[in-house]
Structures are given as structure tokens and as C-alpha cells.
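Engineer: Enclosed is the structure file protein-v4.cif (mmCIF, C-alpha atoms and all ligand atoms).
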```cif
data_work
#
loop_
_atom_site.group_PDB
_atom_site.id
_atom_site.type_symbol
_atom_site.label_atom_id
_atom_site.label_comp_id
_atom_site.auth_asym_id
_atom_site.auth_seq_id
_atom_site.Cartn_x
_atom_site.Cartn_y
_atom_site.Cartn_z
ATOM 1 C CA MET A 539 102.922 29.532 7.182
ATOM 2 C CA ARG A 540 102.575 32.965 8.635
ATOM 3 C CA THR A 541 102.569 33.145 12.392
ATOM 4 C CA SER A 542 100.594 36.221 13.164
ATOM 5 C CA ARG A 543 100.781 38.030 16.435
ATOM 6 C CA TYR A 544 97.100 37.268 16.814
ATOM 7 C CA SER A 545 97.455 33.495 16.871
ATOM 8 C CA ARG A 546 100.367 33.644 19.248
ATOM 9 C CA LYS A 547 98.337 35.728 21.656
ATOM 10 C CA LYS A 548 95.673 33.023 21.773
ATOM 11 C CA SER A 549 98.124 30.433 22.977
ATOM 12 C CA ILE A 550 99.137 32.402 26.076
ATOM 13 C CA ASP A 551 99.532 30.056 28.990
ATOM 14 C CA THR A 552 96.616 30.821 31.291
ATOM 15 C CA SER A 553 98.545 29.635 34.321
ATOM 16 C CA GLY A 554 100.817 32.636 33.874
ATOM 17 C CA ASP A 555 100.187 35.973 35.438
ATOM 18 C CA PRO A 556 97.692 37.924 33.305
ATOM 19 C CA TYR A 557 99.015 41.201 34.689
ATOM 20 C CA LEU A 558 102.516 40.407 33.496
ATOM 21 C CA ASN A 559 101.176 39.477 30.061
ATOM 22 C CA ARG A 560 99.823 42.949 29.530
ATOM 23 C CA ALA A 561 101.605 45.469 27.369
ATOM 24 C CA ARG A 562 105.073 46.168 28.697
ATOM 25 C CA PRO A 563 105.890 49.778 29.490
ATOM 26 C CA GLU A 564 108.815 51.633 27.955
ATOM 27 C CA ASP A 565 112.198 51.277 29.581
ATOM 28 C CA ASN A 566 112.794 53.618 32.531
ATOM 29 C CA THR A 567 109.113 54.103 33.246
ATOM 30 C CA ARG A 568 108.215 54.777 36.856
ATOM 31 C CA CYS A 569 105.065 53.381 38.501
ATOM 32 C CA HIS A 570 102.706 56.157 39.488
ATOM 33 C CA GLY A 571 101.558 54.166 42.524
ATOM 34 C CA CYS A 572 104.631 52.821 44.329
ATOM 35 C CA GLY A 573 107.488 54.533 42.506
ATOM 36 C CA ALA A 574 109.001 51.282 41.191
ATOM 37 C CA LEU A 575 111.110 51.698 38.081
ATOM 38 C CA TYR A 576 110.749 49.512 34.994
ATOM 39 C CA HIS A 577 114.227 48.919 33.601
ATOM 40 C CA ASN A 578 115.784 46.029 31.652
ATOM 41 C CA LYS A 579 112.407 44.229 31.579
ATOM 42 C CA ARG A 580 111.944 44.193 35.317
ATOM 43 C CA TRP A 581 110.431 46.348 38.031
ATOM 44 C CA SER A 582 112.691 47.487 40.812
ATOM 45 C CA LEU A 583 112.647 49.723 43.850
ATOM 46 C CA ASN A 584 116.351 49.423 44.356
ATOM 47 C CA THR A 585 117.314 52.934 43.297
ATOM 48 C CA LEU A 586 121.009 52.270 43.866
ATOM 49 C CA VAL A 587 121.278 50.125 40.763
ATOM 50 C CA THR A 588 118.707 51.829 38.561
ATOM 51 C CA PRO A 589 119.188 54.975 36.552
ATOM 52 C CA VAL A 590 117.185 58.122 36.984
ATOM 53 C CA ALA A 591 113.817 57.722 35.320
ATOM 54 C CA LYS A 592 113.076 59.608 32.178
ATOM 55 C CA ALA A 593 110.254 62.078 32.543
ATOM 56 C CA GLN A 594 107.171 60.420 31.102
ATOM 57 C CA GLU A 595 105.148 63.523 30.426
ATOM 58 C CA GLY A 596 101.416 63.013 30.615
ATOM 59 C CA LYS A 597 101.801 59.244 30.835
ATOM 60 C CA VAL A 598 100.534 57.466 33.916
ATOM 61 C CA VAL A 599 101.751 53.896 34.283
ATOM 62 C CA PHE A 600 101.068 51.472 37.101
ATOM 63 C CA CYS A 601 103.168 48.389 37.769
ATOM 64 C CA PRO A 602 101.421 44.960 37.857
ATOM 65 C CA ALA A 603 101.421 44.950 41.690
ATOM 66 C CA CYS A 604 99.686 48.341 41.931
ATOM 67 C CA GLN A 605 97.153 47.168 39.319
ATOM 68 C CA LYS A 606 96.448 43.991 41.299
ATOM 69 C CA ILE A 607 96.057 45.932 44.556
ATOM 70 C CA HIS A 608 93.686 48.332 42.821
ATOM 71 C CA ASP A 609 91.664 45.431 41.377
ATOM 72 C CA GLY A 610 91.896 43.280 44.515
ATOM 73 C CA PHE A 611 93.366 40.522 42.352
ATOM 74 C CA ALA A 612 94.960 38.132 44.845
ATOM 75 C CA ARG A 613 97.228 35.212 43.971
ATOM 76 C CA GLY A 614 97.996 34.283 47.546
ATOM 77 C CA PHE A 615 95.781 33.858 50.608
ATOM 78 C CA VAL A 616 97.146 33.370 54.090
ATOM 79 C CA SER A 617 94.654 32.528 56.767
ATOM 80 C CA LEU A 618 95.779 32.912 60.376
ATOM 81 C CA GLU A 619 93.677 31.233 62.999
ATOM 82 C CA GLY A 620 93.739 30.324 66.652
ATOM 83 C CA THR A 621 93.689 32.033 70.024
ATOM 84 C CA PHE A 622 97.392 32.878 69.694
ATOM 85 C CA VAL A 623 96.574 35.099 66.697
ATOM 86 C CA SER A 624 94.184 37.379 68.578
ATOM 87 C CA ALA A 625 96.465 37.486 71.623
ATOM 88 C CA HIS A 626 99.535 38.508 69.568
ATOM 89 C CA ARG A 627 97.908 40.437 66.741
ATOM 90 C CA ASP A 628 100.206 43.494 66.728
ATOM 91 C CA GLU A 629 103.373 41.457 66.964
ATOM 92 C CA ILE A 630 102.218 39.184 64.114
ATOM 93 C CA LEU A 631 101.245 42.139 61.928
ATOM 94 C CA HIS A 632 104.656 43.674 62.499
ATOM 95 C CA LEU A 633 106.352 40.437 61.439
ATOM 96 C CA ILE A 634 104.229 40.174 58.282
ATOM 97 C CA ARG A 635 104.804 43.809 57.273
ATOM 98 C CA ASN A 636 108.494 43.390 57.855
ATOM 99 C CA LYS A 637 108.515 40.322 55.611
ATOM 100 C CA GLU A 638 106.705 42.292 52.915
ATOM 101 C CA ARG A 639 109.209 45.150 53.124
ATOM 102 C CA ARG A 640 112.084 42.757 52.576
ATOM 103 C CA ALA A 641 110.281 41.002 49.698
ATOM 104 C CA ILE A 642 109.561 44.345 47.998
ATOM 105 C CA TYR A 643 113.233 45.260 48.091
ATOM 106 C CA HIS A 644 114.031 42.210 45.964
ATOM 107 C CA ASN A 645 110.867 42.267 43.880
ATOM 108 C CA PRO A 646 108.405 45.179 44.138
ATOM 109 C CA LEU A 647 105.719 43.015 42.522
ATOM 110 C CA GLU A 648 105.424 40.951 45.715
ATOM 111 C CA ARG A 649 103.048 42.924 47.864
ATOM 112 C CA ILE A 650 100.293 42.557 50.421
ATOM 113 C CA ILE A 651 96.897 43.534 49.045
ATOM 114 C CA GLU A 652 94.919 43.509 52.247
ATOM 115 C CA ILE A 653 94.916 42.277 55.830
ATOM 116 C CA THR A 654 91.411 41.654 57.113
ATOM 117 C CA ASN A 655 90.115 40.590 60.489
ATOM 118 C CA LYS A 656 88.181 37.335 60.551
ATOM 119 C CA ALA A 657 86.044 35.707 63.229
ATOM 120 C CA HIS A 658 88.896 33.461 64.415
ATOM 121 C CA GLY A 659 91.920 35.438 63.302
ATOM 122 C CA MET A 660 92.827 37.274 60.119
ATOM 123 C CA GLU A 661 93.469 36.846 56.429
ATOM 124 C CA VAL A 662 96.293 38.285 54.358
ATOM 125 C CA THR A 663 95.961 38.488 50.589
ATOM 126 C CA THR A 664 99.029 38.920 48.391
ATOM 127 C CA THR A 665 99.828 39.795 44.772
ATOM 128 C CA THR A 666 101.907 36.640 44.283
ATOM 129 C CA GLU A 667 101.575 33.058 45.492
ATOM 130 C CA LYS A 668 105.232 33.139 46.533
ATOM 131 C CA LEU A 669 104.759 35.929 49.053
ATOM 132 C CA ALA A 670 101.864 34.022 50.669
ATOM 133 C CA GLN A 671 104.116 30.986 50.949
ATOM 134 C CA ARG A 672 106.907 33.076 52.477
ATOM 135 C CA ILE A 673 104.571 34.674 55.023
ATOM 136 C CA GLY A 674 103.429 31.192 56.057
ATOM 137 C CA ALA A 675 107.038 30.081 56.416
ATOM 138 C CA ILE A 676 108.040 33.090 58.541
ATOM 139 C CA LEU A 677 105.045 32.545 60.874
ATOM 140 C CA LYS A 678 106.002 28.913 61.332
ATOM 141 C CA LYS A 679 109.625 29.847 61.938
ATOM 142 C CA ALA A 680 108.782 32.570 64.458
ATOM 143 C CA TYR A 681 105.909 30.964 66.340
ATOM 144 C CA LYS A 682 105.791 27.260 65.398
ATOM 145 C CA GLY A 683 102.102 26.270 65.054
ATOM 146 C CA GLU A 684 100.490 24.310 62.217
ATOM 147 C CA LEU A 685 101.172 25.302 58.628
ATOM 148 C CA THR A 686 99.453 23.917 55.529
ATOM 149 C CA TYR A 687 99.804 24.839 51.870
ATOM 150 C CA LYS A 688 97.294 24.291 49.127
ATOM 151 C CA TRP A 689 98.175 24.950 45.523
ATOM 152 C CA SER A 690 95.525 25.208 42.854
ATOM 153 C CA ASP A 691 95.955 23.153 39.711
ATOM 154 C CA GLY A 692 96.215 25.130 36.511
ATOM 155 C CA VAL A 693 96.527 28.582 38.030
ATOM 156 C CA LYS A 694 99.267 30.059 40.131
ATOM 157 C CA LEU A 695 97.357 30.405 43.347
ATOM 158 C CA ALA A 696 98.350 29.527 46.881
ATOM 159 C CA ARG A 697 96.203 29.069 49.939
ATOM 160 C CA VAL A 698 98.262 29.014 53.086
ATOM 161 C CA ALA A 699 96.760 28.294 56.458
ATOM 162 C CA TRP A 700 98.548 28.833 59.739
ATOM 163 C CA HIS A 701 97.024 27.864 63.032
ATOM 164 C CA ARG A 702 98.135 28.216 66.600
ATOM 165 C CA ASP A 703 96.301 28.179 69.895
ATOM 166 C CA GLU A 704 97.942 29.276 73.125
HETATM 167 ZN ZN ZN B 1 103.545 50.148 41.511
#
```
What's the C-alpha cells form of this structure?
Structural biologist:
Amino acid sequence: MRTSRYSRKKSIDTSGDPYLNRARPEDNTRCHGCGALYHNKRWSLNTLVTPVAKAQEGKVVFCPACQKIHDGFARGFVSLEGTFVSAHRDEILHLIRNKERRAIYHNPLERIIEITNKAHGMEVTTTTEKLAQRIGAILKKAYKGELTYKWSDGVKLARVAWHRDE
């Protein structure tokens, strides 16, 4: 029996990340958005261990994270609520951005899409469910409060809720 590429494509696990299932770029391609380098089948911003990118003349490539940010395709949602959130907004934002910076260093595909103000706090959307989980964990570690996780069946999607009143 001939296994065609076509039939294999159909059986792609839908719980996977559709952005990662897209056509892979050539080795040593640099993302036009964030500057991450695609090398040895992974994206990296750690320029110390990656070679100089080949010039990709006339070819504009975006990494999966930049594509998700452009499309607003979130895999993680962190909702922050409570009076503590509005009273310590700047400090909390600093903590979250710092967490993102460290996550990006290890994996540039883990990024914050948007931070929006809500009636009783704010919401952070992320490109991966793991980053949402990590942001929840760092909030709990830094400020205590109530933390809950909800994982969707079938798809990789995380809803994290953190709540703290004064
Ligand atoms: Zn990028």
C-alpha cells in the first residue's frame, strides 16, 4: 500500500499546534518579526550558540510566535482579578514582562500576545499554554492569592485565573 503524503496530512493530530505544523523554513532562516533564528529544527534567540544567518534574499519568514501574535491566536489566557491587581498594576506588569523575557530566552515561541485591561483587573494572552501556566505560577509565588488552572480537552489551551484582594 502506498502511503501518500496526502493521507498522512489528514491524520495530523488536531491537539497539536497548527502553527508548528505549517511548512518548516530552511535552516538558518531568521524571523522577520522578532529576529529569532531557525536552526536544527528549532527557533532560538540565543545568538551565542547559533551561527550567523544566511542572507535570505527577498524571502520574508515569520516564526510561529510572530504569526500567532499577528493573528491574535492565543493558546493561553491568564485572568488577573481583585483589588490587589489594580493597586499594584505596574509592579505586576513588570513581573509578567520579566517572566516573558526569561521564557523567550529559552524558547522564543513563548510570547505574550496582549495585555488588556478588564473591569476587575486585566487579561494576558499568550502564544503557548505553558507560558500562561508559568505566569500564573510566578504570580502565586510572588503575591500568594488564589490560582486556578483550567485545561481544555482535545486542544492545547490553558485558562489560568489568579485572584487577590487586598
Ligand atoms: Zn518571530
Engineer: Taking all atoms listed in the file into account, name the residue in A:Ala625, A:Leu558, A:Ala641, A:Leu647 that is nearest to ligand ZN 1 (chain B).
Structural biologist: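 Selected residue with least distance to ligand ZN 1 (chain B): A:Leu647.
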Engineer: Here is a test: counting all atoms listed in the file, which residue of A:Gly683, A:Gly659, A:Pro563, A:Gly692 is nearest to A:Cys601?
Structural biologist: A:Pro563
Engineer: Neighbourhood query: residues within 7 Å of (99.9, 45.5, 48.0), file coordinates, counting only C-alpha atoms; return as a PyMOL selection string.
Structural biologist: chain A and resi 603-604+607+649-652+664-665
Engineer: 9 Å from ligand ZN 1 (chain B) is the threshold here; counting all atoms listed in the file, which polymer residues fall inside it? Answer as a list in words.
Structural biologist: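 The residues near ligand ZN 1 (chain B) are Arg568, Cys569, His570, Gly571, Cys572, Gly573, Ala574, Leu575, Trp581, Val599, Phe600, Cys601, Pro602, Ala603, Cys604, Gln605, Pro646 and Leu647 of chain A.
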Engineer: Quick one: distance from atom CA of A:Val693 to atom CA of A:Gly610 in Å, one decimal?
Structural biologist: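 It comes out at 16.7 Å.
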Engineer: Where does the PyMOL selection byres (((chain A and resi 653) around 10) and not hetatm) land in this file, that is, which residues does it pick, as a PyMOL selection string?
Structural biologist: chain A and resi 615-617+631+634+650-652+654-656+660-664
Engineer: Any idea what the distance is between atom CA of A:Ala699 and atom CA of A:Ala657?
Structural biologist: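 Separation between atom CA of A:Ala699 and atom CA of A:Ala657: 14.7 Å.
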Engineer: Applying 12 Å and only C-alpha atoms, which residues near A:Ile630 remain after dropping the ones on its own chain fewer than 3 positions away? List them as a list in words.
Structural biologist: Leu618, Glu619, Phe622, Val623, Ser624, Ala625, His626, Arg627, Leu633, Ile634, Arg635, Asn636, Lys637, Ile653, Gly659, Met660, Glu661, Val662, Ile673, Gly674, Ile676, Leu677, Lys678, Ala680, Tyr681, Trp700 and Arg702 of chain A
Engineer: For each of A:Thr666, A:Glu638, A:Gly614, A:Asp628, take the minimum atom-to-atom distance to A:Arg697, counting all atoms listed in the file, then give the residue where this is smallest.
Structural biologist: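 The answer is A:Gly614, which sits nearest to A:Arg697.
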Engineer: Would you compute the distance between atom CA of A:Leu695 and atom CA of A:Lys668? Give it in Å to one decimal.
Structural biologist: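 That distance, rounded to one decimal, is 8.9 Å.
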Engineer: Rank nothing, just name the residue among A:Ala612, A:Ala561, A:Ile642, A:Val598 nearest to A:Leu583, using all atoms listed in the file.
Structural biologist: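 That would be A:Ile642, the residue with the smallest distance to A:Leu583.
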